[in-house]
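Trainee: File follows, upload28.txt with compact mmCIF, C-alpha atoms and all ligand atoms:
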```txt
# COMPACT_ATOMS: atom_id res chain seq x y z
CA MET A 1 9.16 0.13 -19.29
CA LEU A 2 9.73 -2.54 -16.67
CA ILE A 3 6.87 -4.42 -15.08
CA SER A 4 8.14 -5.82 -11.86
CA PHE A 5 5.41 -7.04 -9.53
CA ASP A 6 1.79 -8.02 -9.75
CA ASN A 7 0.08 -9.32 -6.61
CA ALA A 8 -2.93 -10.64 -8.48
CA ALA A 9 -0.86 -12.85 -10.69
CA GLY A 10 1.41 -13.57 -7.74
CA ARG A 11 4.46 -13.55 -9.90
CA ARG A 12 7.57 -11.59 -10.61
CA ALA A 13 8.31 -10.88 -14.23
CA ALA A 14 11.49 -9.51 -15.71
CA ALA A 15 10.74 -6.62 -18.01
CA SER A 16 13.71 -6.63 -20.23
CA PRO A 17 14.89 -9.82 -21.91
CA PRO A 18 17.75 -11.55 -20.10
CA ALA A 19 21.20 -10.48 -21.22
CA PRO A 20 22.85 -12.91 -23.63
CA ALA A 21 25.45 -15.13 -21.98
CA SER A 22 28.34 -13.48 -23.72
CA ARG A 23 28.27 -10.11 -25.38
CA PRO A 24 31.08 -8.58 -27.41
CA ARG A 25 32.95 -6.26 -25.08
CA PRO A 26 32.62 -2.56 -25.93
CA ALA A 27 35.80 -0.60 -26.49
CA ARG A 28 37.15 0.89 -23.27
CA PRO A 29 35.29 4.20 -22.75
CA GLU A 30 37.38 7.35 -22.66
CA SER A 31 35.24 9.14 -20.10
CA PRO A 32 32.12 8.23 -18.10
CA ALA A 33 30.11 10.45 -20.44
CA ASP A 34 30.86 8.07 -23.33
CA ALA A 35 29.39 5.12 -21.47
CA ASP A 36 26.54 6.60 -19.45
CA PRO A 37 23.83 8.79 -21.02
CA ARG A 38 23.21 10.40 -17.61
CA ALA A 39 26.85 11.46 -17.44
CA ALA A 40 26.65 12.78 -21.00
CA GLU A 41 23.56 14.82 -20.09
CA LEU A 42 25.27 16.25 -17.01
CA CYS A 43 28.43 17.19 -18.94
CA GLU A 44 26.40 18.81 -21.69
CA GLY A 45 24.52 20.98 -19.18
CA LEU A 46 27.61 21.90 -17.17
CA LEU A 47 29.71 22.85 -20.18
CA ARG A 48 27.11 25.31 -21.48
CA ARG A 49 27.78 29.02 -21.16
CA SER A 50 24.90 29.17 -18.62
CA ALA A 51 25.50 25.97 -16.70
CA ARG A 52 22.56 23.87 -15.56
CA ILE A 53 21.79 20.50 -14.02
CA ASP A 54 18.46 18.76 -14.54
CA PRO A 55 16.65 18.53 -11.17
CA LYS A 56 16.21 14.76 -11.51
CA PHE A 57 19.88 14.49 -10.52
CA LEU A 58 19.04 15.94 -7.08
CA TYR A 59 17.50 12.63 -6.07
CA ASP A 60 20.25 10.10 -5.46
CA ALA A 61 19.97 8.13 -2.19
CA GLN A 62 21.42 11.03 -0.17
CA GLY A 63 19.25 13.55 -2.03
CA CYS A 64 16.10 11.52 -1.24
CA VAL A 65 16.98 11.52 2.46
CA LEU A 66 17.57 15.27 2.38
CA PHE A 67 14.34 15.87 0.47
CA SER A 68 12.42 13.91 3.13
CA ALA A 69 14.01 16.17 5.76
CA ILE A 70 12.99 19.28 3.75
CA CYS A 71 9.39 18.07 3.82
CA GLU A 72 9.45 18.20 7.64
CA LEU A 73 10.85 21.75 7.87
CA ASP A 74 8.72 24.56 9.30
CA GLU A 75 9.59 26.78 6.34
CA TYR A 76 8.62 24.17 3.74
CA TYR A 77 4.84 24.62 3.78
CA PRO A 78 3.84 22.52 0.66
CA THR A 79 3.99 19.05 2.23
CA ARG A 80 2.04 19.81 5.38
CA THR A 81 -0.44 22.03 3.53
CA GLU A 82 -1.21 19.32 0.98
CA ARG A 83 -1.49 16.75 3.79
CA GLU A 84 -4.00 18.97 5.57
CA ILE A 85 -6.08 19.55 2.42
CA PHE A 86 -6.16 15.80 1.80
CA ARG A 87 -7.15 15.15 5.41
CA SER A 88 -9.89 17.75 5.62
CA GLN A 89 -11.27 17.38 2.07
CA ARG A 90 -10.82 13.66 1.52
CA GLU A 91 -14.53 12.82 1.66
CA ALA A 92 -15.48 15.65 -0.71
CA ILE A 93 -12.76 14.69 -3.18
CA ALA A 94 -13.61 10.98 -2.94
CA GLN A 95 -17.27 11.80 -3.70
CA ALA A 96 -16.18 13.42 -6.95
CA LEU A 97 -14.30 10.30 -8.15
CA PRO A 98 -15.69 7.44 -10.22
CA ASP A 99 -16.63 4.31 -8.30
CA PRO A 100 -15.26 1.71 -8.86
CA LEU A 101 -11.90 2.94 -10.10
CA GLN A 102 -8.28 2.01 -10.64
CA TRP A 103 -5.86 4.22 -8.72
CA VAL A 104 -2.71 5.11 -10.67
CA ASP A 105 -0.06 6.53 -8.33
CA LEU A 106 2.44 8.53 -10.40
CA GLY A 107 5.86 8.65 -8.72
CA CYS A 108 4.56 6.38 -6.00
CA GLY A 109 7.89 5.93 -4.13
CA ASP A 110 6.97 4.17 -0.89
CA CYS A 111 3.21 4.47 -1.73
CA ALA A 112 2.74 6.53 1.47
CA LYS A 113 0.52 9.22 -0.04
CA SER A 114 -1.93 6.71 -1.49
CA ARG A 115 -2.36 4.61 1.65
CA ASP A 116 -4.95 6.93 3.22
CA TRP A 117 -6.93 7.13 0.00
CA LEU A 118 -7.41 3.46 -0.70
CA SER A 119 -9.88 2.93 2.11
CA HIS A 120 -11.92 5.98 1.03
CA VAL A 121 -12.29 5.30 -2.68
CA GLY A 122 -13.71 2.36 -4.56
CA ALA A 123 -10.33 1.09 -5.73
CA ARG A 124 -10.32 -2.32 -7.41
CA ARG A 125 -6.77 -1.91 -8.71
CA TYR A 126 -3.71 0.04 -7.61
CA LEU A 127 -0.87 0.76 -10.05
CA GLY A 128 2.26 2.21 -8.47
CA VAL A 129 4.30 3.92 -11.18
CA ASP A 130 7.86 4.99 -10.53
CA ILE A 131 11.15 5.19 -12.37
CA ALA A 132 12.85 3.36 -9.48
CA ALA A 133 11.21 0.06 -10.36
CA GLU A 134 13.32 -2.14 -8.10
CA TRP A 135 12.47 -0.13 -5.01
CA VAL A 136 8.80 0.26 -5.83
CA THR A 137 8.29 -3.48 -6.19
CA GLY A 138 8.73 -4.00 -2.45
CA ALA A 139 6.54 -1.03 -1.51
CA VAL A 140 3.72 -2.16 -3.80
CA ALA A 141 4.02 -5.73 -2.54
CA SER A 142 3.57 -4.56 1.06
CA LEU A 143 0.58 -2.39 0.06
CA GLY A 144 -0.89 -5.42 -1.69
CA ALA A 145 -0.48 -7.50 1.46
CA GLN A 146 -2.45 -4.89 3.43
CA HIS A 147 -5.20 -4.70 0.77
CA PRO A 148 -5.75 -8.26 -0.45
CA GLY A 149 -8.98 -7.15 -2.15
CA ILE A 150 -7.15 -4.68 -4.38
CA GLU A 151 -5.05 -5.90 -7.27
CA CYS A 152 -1.71 -4.13 -6.77
CA VAL A 153 0.72 -3.76 -9.63
CA ALA A 154 4.14 -2.08 -9.76
CA VAL A 155 5.05 -0.41 -13.02
CA GLY A 156 8.53 0.87 -13.72
CA ALA A 157 8.17 3.80 -16.07
CA ASP A 158 9.42 7.32 -16.60
CA PHE A 159 6.16 9.22 -16.74
CA THR A 160 7.97 12.46 -17.62
CA ALA A 161 8.99 11.26 -21.07
CA GLY A 162 6.97 9.35 -23.68
CA PHE A 163 4.69 7.97 -20.98
CA ASP A 164 2.28 5.30 -22.17
CA ILE A 165 1.01 2.57 -19.86
CA ARG A 166 -2.42 2.26 -21.49
CA ASP A 167 -1.85 -1.43 -22.11
CA ARG A 168 -1.62 -1.88 -18.31
CA LEU A 169 -5.02 -0.27 -17.64
CA GLY A 170 -7.29 -2.73 -19.44
CA ASP A 171 -10.88 -1.61 -20.00
CA VAL A 172 -10.93 2.03 -18.85
CA GLN A 173 -14.68 2.29 -19.55
CA ALA A 174 -15.42 -0.44 -17.04
CA LEU A 175 -12.78 0.59 -14.52
CA PRO A 176 -11.98 4.30 -14.92
CA PRO A 177 -8.45 5.30 -13.92
CA VAL A 178 -7.72 8.09 -11.44
CA LEU A 179 -4.22 9.35 -12.07
CA PHE A 180 -2.85 10.66 -8.78
CA TYR A 181 0.09 13.09 -9.06
CA PRO A 182 0.56 14.77 -5.67
CA GLY A 183 3.43 16.76 -4.16
CA SER A 184 3.25 19.71 -6.60
CA SER A 185 5.97 17.96 -8.61
CA ILE A 186 4.39 19.27 -11.82
CA GLY A 187 5.87 22.62 -10.72
CA ASN A 188 9.38 21.35 -11.42
CA PHE A 189 8.58 21.31 -15.15
CA ALA A 190 8.38 24.48 -17.21
CA PRO A 191 4.86 25.06 -18.56
CA ASP A 192 5.88 24.14 -22.12
CA VAL A 193 6.98 20.73 -20.82
CA ALA A 194 4.15 20.37 -18.29
CA VAL A 195 1.39 20.77 -20.91
CA PRO A 196 2.40 17.78 -23.09
CA MET A 197 2.96 15.75 -19.90
CA LEU A 198 -0.57 16.56 -18.72
CA ALA A 199 -1.93 15.79 -22.20
CA GLY A 200 -0.17 12.41 -21.96
CA PHE A 201 -1.88 11.75 -18.62
CA ARG A 202 -5.24 12.71 -20.14
CA ARG A 203 -4.83 10.13 -22.91
CA HIS A 204 -4.90 7.41 -20.24
CA LEU A 205 -8.23 8.39 -18.73
CA GLY A 206 -10.92 7.22 -21.17
CA PRO A 207 -14.25 9.06 -20.84
CA HIS A 208 -14.77 8.68 -17.08
CA GLY A 209 -11.25 8.80 -15.60
CA ARG A 210 -9.84 11.75 -13.63
CA LEU A 211 -6.52 13.43 -12.90
CA LEU A 212 -5.99 14.33 -9.22
CA ILE A 213 -2.98 16.64 -9.14
CA SER A 214 -1.46 19.20 -6.76
CA ALA A 215 0.16 22.52 -7.59
CA ASP A 216 1.82 25.05 -5.35
CA LEU A 217 0.10 28.43 -5.59
CA ARG A 218 1.60 31.91 -5.77
CA LYS A 219 1.80 33.73 -2.49
CA ASP A 220 3.89 36.26 -0.60
CA THR A 221 7.40 36.14 -2.07
CA ALA A 222 9.10 35.99 1.33
CA VAL A 223 7.10 32.87 2.28
CA MET A 224 8.07 31.14 -0.96
CA LYS A 225 11.74 32.10 -0.70
CA ARG A 226 12.01 30.93 2.90
CA ALA A 227 10.71 27.51 1.87
CA TYR A 228 13.76 27.10 -0.39
CA ALA A 229 16.34 28.76 1.88
CA ASP A 230 15.63 27.32 5.33
CA ALA A 231 17.49 28.40 8.43
CA LEU A 232 19.01 24.97 9.12
CA GLY A 233 20.53 24.76 5.64
CA VAL A 234 18.84 21.48 4.73
CA THR A 235 17.85 22.75 1.29
CA ALA A 236 21.39 24.07 0.82
CA ALA A 237 22.74 20.58 1.57
CA PHE A 238 20.16 19.05 -0.81
CA ASN A 239 21.26 21.45 -3.54
CA ARG A 240 25.03 21.05 -3.00
CA ASN A 241 24.68 17.26 -2.92
CA VAL A 242 23.98 17.37 -6.65
CA LEU A 243 27.64 18.27 -7.22
CA ARG A 244 28.62 15.03 -5.50
CA VAL A 245 26.26 13.26 -7.87
CA CYS A 246 28.08 14.98 -10.77
CA ASN A 247 31.46 13.89 -9.41
CA ARG A 248 30.27 10.31 -9.04
CA LEU A 249 28.64 10.05 -12.46
CA THR A 250 31.00 12.09 -14.60
CA GLY A 251 34.30 11.89 -12.72
CA SER A 252 34.30 15.70 -12.30
CA ASP A 253 36.08 17.28 -9.34
CA PHE A 254 33.60 19.83 -7.98
CA ARG A 255 34.19 20.95 -4.42
CA PRO A 256 30.60 21.41 -3.22
CA GLU A 257 31.67 23.45 -0.19
CA ASN A 258 32.90 26.18 -2.60
CA PHE A 259 29.42 26.74 -4.02
CA LEU A 260 26.72 28.73 -2.27
CA HIS A 261 23.08 27.74 -2.30
CA GLN A 262 20.75 30.42 -3.62
CA ALA A 263 16.97 30.48 -4.10
CA ARG A 264 15.43 33.47 -5.81
CA PHE A 265 11.97 34.19 -7.09
CA ASP A 266 11.73 34.91 -10.81
CA GLU A 267 8.68 37.19 -11.04
CA ALA A 268 8.37 37.02 -14.81
CA ARG A 269 8.30 33.21 -14.92
CA SER A 270 6.61 32.88 -11.51
CA CYS A 271 9.08 30.31 -10.26
CA ILE A 272 11.67 29.79 -7.58
CA GLU A 273 15.03 29.29 -9.24
CA MET A 274 17.49 27.24 -7.23
CA ARG A 275 21.15 27.81 -8.06
CA LEU A 276 24.66 26.99 -6.90
CA VAL A 277 26.89 30.03 -7.04
CA ALA A 278 30.70 29.82 -7.12
CA GLY A 279 32.01 31.53 -3.97
CA SER A 280 35.36 32.10 -5.68
CA ARG A 281 36.83 31.23 -9.08
CA GLN A 282 36.60 27.44 -9.55
CA PHE A 283 38.49 25.24 -11.98
CA VAL A 284 36.54 22.04 -12.50
CA ARG A 285 37.44 19.08 -14.71
CA ILE A 286 34.26 17.93 -16.47
CA GLY A 287 34.15 15.19 -19.11
CA GLY A 288 37.80 15.64 -20.04
CA GLN A 289 37.54 19.44 -20.26
CA LEU A 290 38.43 22.21 -17.87
CA ARG A 291 35.48 24.45 -17.00
CA VAL A 292 36.14 27.70 -15.18
CA PHE A 293 33.36 29.05 -12.99
CA GLU A 294 34.03 32.70 -12.24
CA GLU A 295 33.24 34.00 -8.76
CA GLY A 296 29.49 34.62 -8.62
CA GLU A 297 28.74 32.41 -11.65
CA ALA A 298 25.70 30.20 -11.13
CA ILE A 299 24.67 26.67 -12.02
CA VAL A 300 20.86 26.46 -12.21
CA THR A 301 19.65 23.26 -10.54
CA GLU A 302 15.86 23.56 -10.29
CA HIS A 303 12.79 25.62 -11.13
CA SER A 304 9.70 25.37 -9.01
CA TYR A 305 6.74 27.06 -10.69
CA LYS A 306 4.08 28.73 -8.57
CA TYR A 307 0.66 29.12 -10.17
CA THR A 308 -2.44 31.17 -9.59
CA PRO A 309 -5.51 28.89 -9.65
CA GLU A 310 -6.48 30.51 -12.97
CA ARG A 311 -3.07 29.91 -14.55
CA PHE A 312 -2.98 26.26 -13.49
CA GLY A 313 -6.55 25.88 -14.76
CA ALA A 314 -5.41 27.32 -18.10
CA LEU A 315 -2.60 24.76 -18.20
CA LEU A 316 -5.14 21.96 -17.74
CA ASP A 317 -7.29 23.50 -20.50
CA GLU A 318 -4.28 23.63 -22.81
CA ALA A 319 -3.63 19.96 -22.10
CA GLY A 320 -7.16 19.17 -23.31
CA PHE A 321 -9.06 18.74 -20.04
CA SER A 322 -12.67 19.90 -20.31
CA SER A 323 -13.17 21.05 -16.71
CA HIS A 324 -11.65 20.96 -13.26
CA ARG A 325 -12.32 21.69 -9.60
CA MET A 326 -9.88 22.90 -6.97
CA TRP A 327 -9.61 22.44 -3.22
CA THR A 328 -7.29 24.67 -1.22
CA ASP A 329 -6.24 25.55 2.36
CA PRO A 330 -7.49 28.56 4.36
CA HIS A 331 -4.54 30.71 3.14
CA GLY A 332 -4.96 29.66 -0.49
CA TRP A 333 -1.31 28.57 -0.56
CA PHE A 334 -1.69 25.19 -2.24
CA GLY A 335 -4.15 23.69 -4.73
CA VAL A 336 -5.47 20.18 -5.23
CA PHE A 337 -7.06 19.96 -8.68
CA LEU A 338 -9.42 17.32 -10.03
CA ALA A 339 -9.47 17.44 -13.82
CA GLN A 340 -11.87 15.70 -16.15
CA PRO A 341 -11.03 14.71 -19.76
C1 LIG B 1 9.68 17.93 -5.49
N1 LIG B 1 9.38 19.35 -5.64
C2 LIG B 1 7.96 19.58 -5.73
C3 LIG B 1 10.06 20.21 -4.64
C4 LIG B 1 9.67 21.68 -4.88
O1 LIG B 1 9.19 22.31 -3.94
O2 LIG B 1 9.82 22.17 -5.99
C5 LIG B 1 11.56 20.05 -4.71
C6 LIG B 1 12.30 20.94 -3.76
N2 LIG B 1 13.36 21.63 -4.06
C7 LIG B 1 13.77 22.30 -2.99
N3 LIG B 1 12.95 22.08 -2.02
C8 LIG B 1 12.01 21.21 -2.46
```
How does the structure come out when it is put into C-alpha cells?
Ligand code: AVI
Mentor:
Amino acid sequence: MLISFDNAAGRRAAASPPAPASRPRPARPESPADADPRAAELCEGLLRRSARIDPKFLYDAQGCVLFSAICELDEYYPTRTEREIFRSQREAIAQALPDPLQWVDLGCGDCAKSRDWLSHVGARRYLGVDIAAEWVTGAVASLGAQHPGIECVAVGADFTAGFDIRDRLGDVQALPPVLFYPGSSIGNFAPDVAVPMLAGFRRHLGPHGRLLISADLRKDTAVMKRAYADALGVTAAFNRNVLRVCNRLTGSDFRPENFLHQARFDEARSCIEMRLVAGSRQFVRIGGQLRVFEEGEAIVTEHSYKYTPERFGALLDEAGFSSHRMWTDPHGWFGVFLAQP
C-alpha cells in the first residue's frame, strides 16, 4: 500500500522506503517476463490453450481514454443510467446512510463520481482509494481544496487483492465508513472472486458502516450486446488496444488490426464475454515462444456479469451482509445497492 496525500496533515509521505543508494545490479533479464510480473502474467495467459488477458490490462493511458469515450456512447447505457439513479434518488439514498460518516471511494480515479455526494452526506472524511496512487494524489488534493471541512486522504491500494485499509479508518464506531463502489465494476469479477472481495469490504465497515455498490442488471440480450459492440467501433478499439499493451509489456508482436472484436452473451454464466478473434492464422512471438492463433481462435479479454436483483442480493448474503436495499431506473436495467453488515 502507498499512502500519498493527506490534506489534514498537510504533508506528502512516501509509502515505500527510499531505495538504497546503490543496489547490486540484477543479471540482465532474458525477456520482459523475467523482470516484470505483469509481463509474466500476460505471457502465462496468452500461452494457454485457451488464451486470455486479464481485463486490468485494458486500462493503460489509451485504454482509459477509450473507456471514457465508451461511457458517452448511446449504446452504453450503464454510465448514464447509474448517473440518473444517483441524481433522482440521491436524497433517499443519503437518508439511509449514517451521519456523520467517512466516505471511502473505491477506484476513485478523478473523484468525479463522489463530488456530487459530498454535499449531500455528512462526510467528515474522504478516502480516495485507487491503484494509480500517483494520479489520485492530485485529484484528492483538488477535492480537499474544494472541501476544506472534510479531511481528504489519498490511499494507493489494490482493493481487488488482499485489501485491508482498516488502519486508515480509525474509530469506525464513531465515524462509520461508507464504502462507495460505483460503475458496476464488480461485474468484471466472476462471482467466486466477487464474493471474497465483497466480504473484504464488509470487514471494513464496523457495526454501522455501509457498502454502496452498483451492479448492471440482466435485460434484453440485444440491448446488452449492443452496449459492447457499438456502431462507431469504440469498444472494438478499446479491446484491440490491449494487444498494444501486450506488445509494450512483453515484447510480443501482435498485429491488433488482424484481430476482430467480438462481444457475446454467455447465457449460462449471465455475462458478456469480450474476445479478440484472429481474422486469419497469426504467428505471434510471446515471451520467447512462438504462439500460433488459428483463424477464428479467440483471446478472452473481459467478462461483464449481469445480475438479477435477487442474484446480486444472494451474492451480498454470501459475502456476509445481513440486509440490503436496491434503487433502480424505470426500465430496471441497473441497480444501486446499499448493503449493511
Ligand atoms: C468497467 N466495466 C464496468 C465496464 C463493463 O461494462 O463491464 C468495462 C467495459 N468493457 C467494455 N465496455 C465497458
Trainee: Check every protein, DNA and RNA residue against ligand LIG 1 (chain B), keep those with an atom at most 6 Å away (counting only C-alpha atoms and all ligand atoms), and present them as a CSV table (one decimal) with C-alpha atoms, in the coordinates of the input.
Mentor:
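Written out: part_8.csv:
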```csv
chain,number,residue,atom,x,y,z
A,183,GLY,CA,3.4,16.8,-4.2
A,184,SER,CA,3.2,19.7,-6.6
A,185,SER,CA,6.0,18.0,-8.6
A,188,ASN,CA,9.4,21.4,-11.4
A,228,TYR,CA,13.8,27.1,-0.4
A,235,THR,CA,17.8,22.8,1.3
A,304,SER,CA,9.7,25.4,-9.0
```
Trainee: With a distance cut-off of 8 Å and all atoms listed in the file, select the neighbouring residues of A:Ile286, excluding the residue or stretch itself and same-chain residues fewer than 6 positions from it, and output the selection as a PDB file with C-alpha atoms, keeping the file's coordinate frame.
Mentor:
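Dumped everything to out_10.pdb:
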```pdb
ATOM      1  CA  CYS A  43      28.430  17.190 -18.940  1.00  0.00           C
ATOM      2  CA  LEU A  46      27.610  21.900 -17.170  1.00  0.00           C
ATOM      3  CA  LEU A  47      29.710  22.850 -20.180  1.00  0.00           C
ATOM      4  CA  THR A 250      31.000  12.090 -14.600  1.00  0.00           C
ATOM      5  CA  GLY A 251      34.300  11.890 -12.720  1.00  0.00           C
ATOM      6  CA  SER A 252      34.300  15.700 -12.300  1.00  0.00           C
ATOM      7  CA  ASP A 253      36.080  17.280  -9.340  1.00  0.00           C
TER       8      ASP A 253
END
```
Trainee: Set the distance at 12 Å and use only C-alpha atoms: which residues neighbour A:Tyr181 once local chain neighbours fewer than 4 positions away are removed? I'd like the list as a CSV table (one decimal) with C-alpha atoms, keeping the file's coordinate frame.
Mentor:
```csv
chain,number,residue,atom,x,y,z
A,82,GLU,CA,-1.2,19.3,1.0
A,103,TRP,CA,-5.9,4.2,-8.7
A,104,VAL,CA,-2.7,5.1,-10.7
A,105,ASP,CA,-0.1,6.5,-8.3
A,106,LEU,CA,2.4,8.5,-10.4
A,107,GLY,CA,5.9,8.6,-8.7
A,108,CYS,CA,4.6,6.4,-6.0
A,109,GLY,CA,7.9,5.9,-4.1
A,111,CYS,CA,3.2,4.5,-1.7
A,113,LYS,CA,0.5,9.2,0.0
A,114,SER,CA,-1.9,6.7,-1.5
A,128,GLY,CA,2.3,2.2,-8.5
A,129,VAL,CA,4.3,3.9,-11.2
A,130,ASP,CA,7.9,5.0,-10.5
A,159,PHE,CA,6.2,9.2,-16.7
A,160,THR,CA,8.0,12.5,-17.6
A,185,SER,CA,6.0,18.0,-8.6
A,186,ILE,CA,4.4,19.3,-11.8
A,187,GLY,CA,5.9,22.6,-10.7
A,197,MET,CA,3.0,15.8,-19.9
A,198,LEU,CA,-0.6,16.6,-18.7
A,201,PHE,CA,-1.9,11.8,-18.6
A,210,ARG,CA,-9.8,11.8,-13.6
A,211,LEU,CA,-6.5,13.4,-12.9
A,212,LEU,CA,-6.0,14.3,-9.2
A,213,ILE,CA,-3.0,16.6,-9.1
A,214,SER,CA,-1.5,19.2,-6.8
A,215,ALA,CA,0.2,22.5,-7.6
A,336,VAL,CA,-5.5,20.2,-5.2
A,337,PHE,CA,-7.1,20.0,-8.7
A,338,LEU,CA,-9.4,17.3,-10.0
A,339,ALA,CA,-9.5,17.4,-13.8
```
Trainee: Got a sec: who's within 9 Å of A:Gly149, counting only C-alpha atoms, leaving out chain neighbours fewer than 5 positions off, as a PyMOL selection string?
Mentor: chain A and resi 124-125+144
Trainee: If we count all atoms listed in the file and set the cut-off at 9 Å, which residues sit around A:Ala229, ignoring sequence neighbours fewer than 4 positions away in its own chain? Please answer as a ChimeraX atom specification.
Mentor: /A:75,225,233-236,261-263
Trainee: Could you check how far atom CA of A:Arg269 sits from atom CA of A:Pro191, in Å to one decimal?
Mentor: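 Result for atom CA of A:Arg269 versus atom CA of A:Pro191: 9.6 Å, one decimal.
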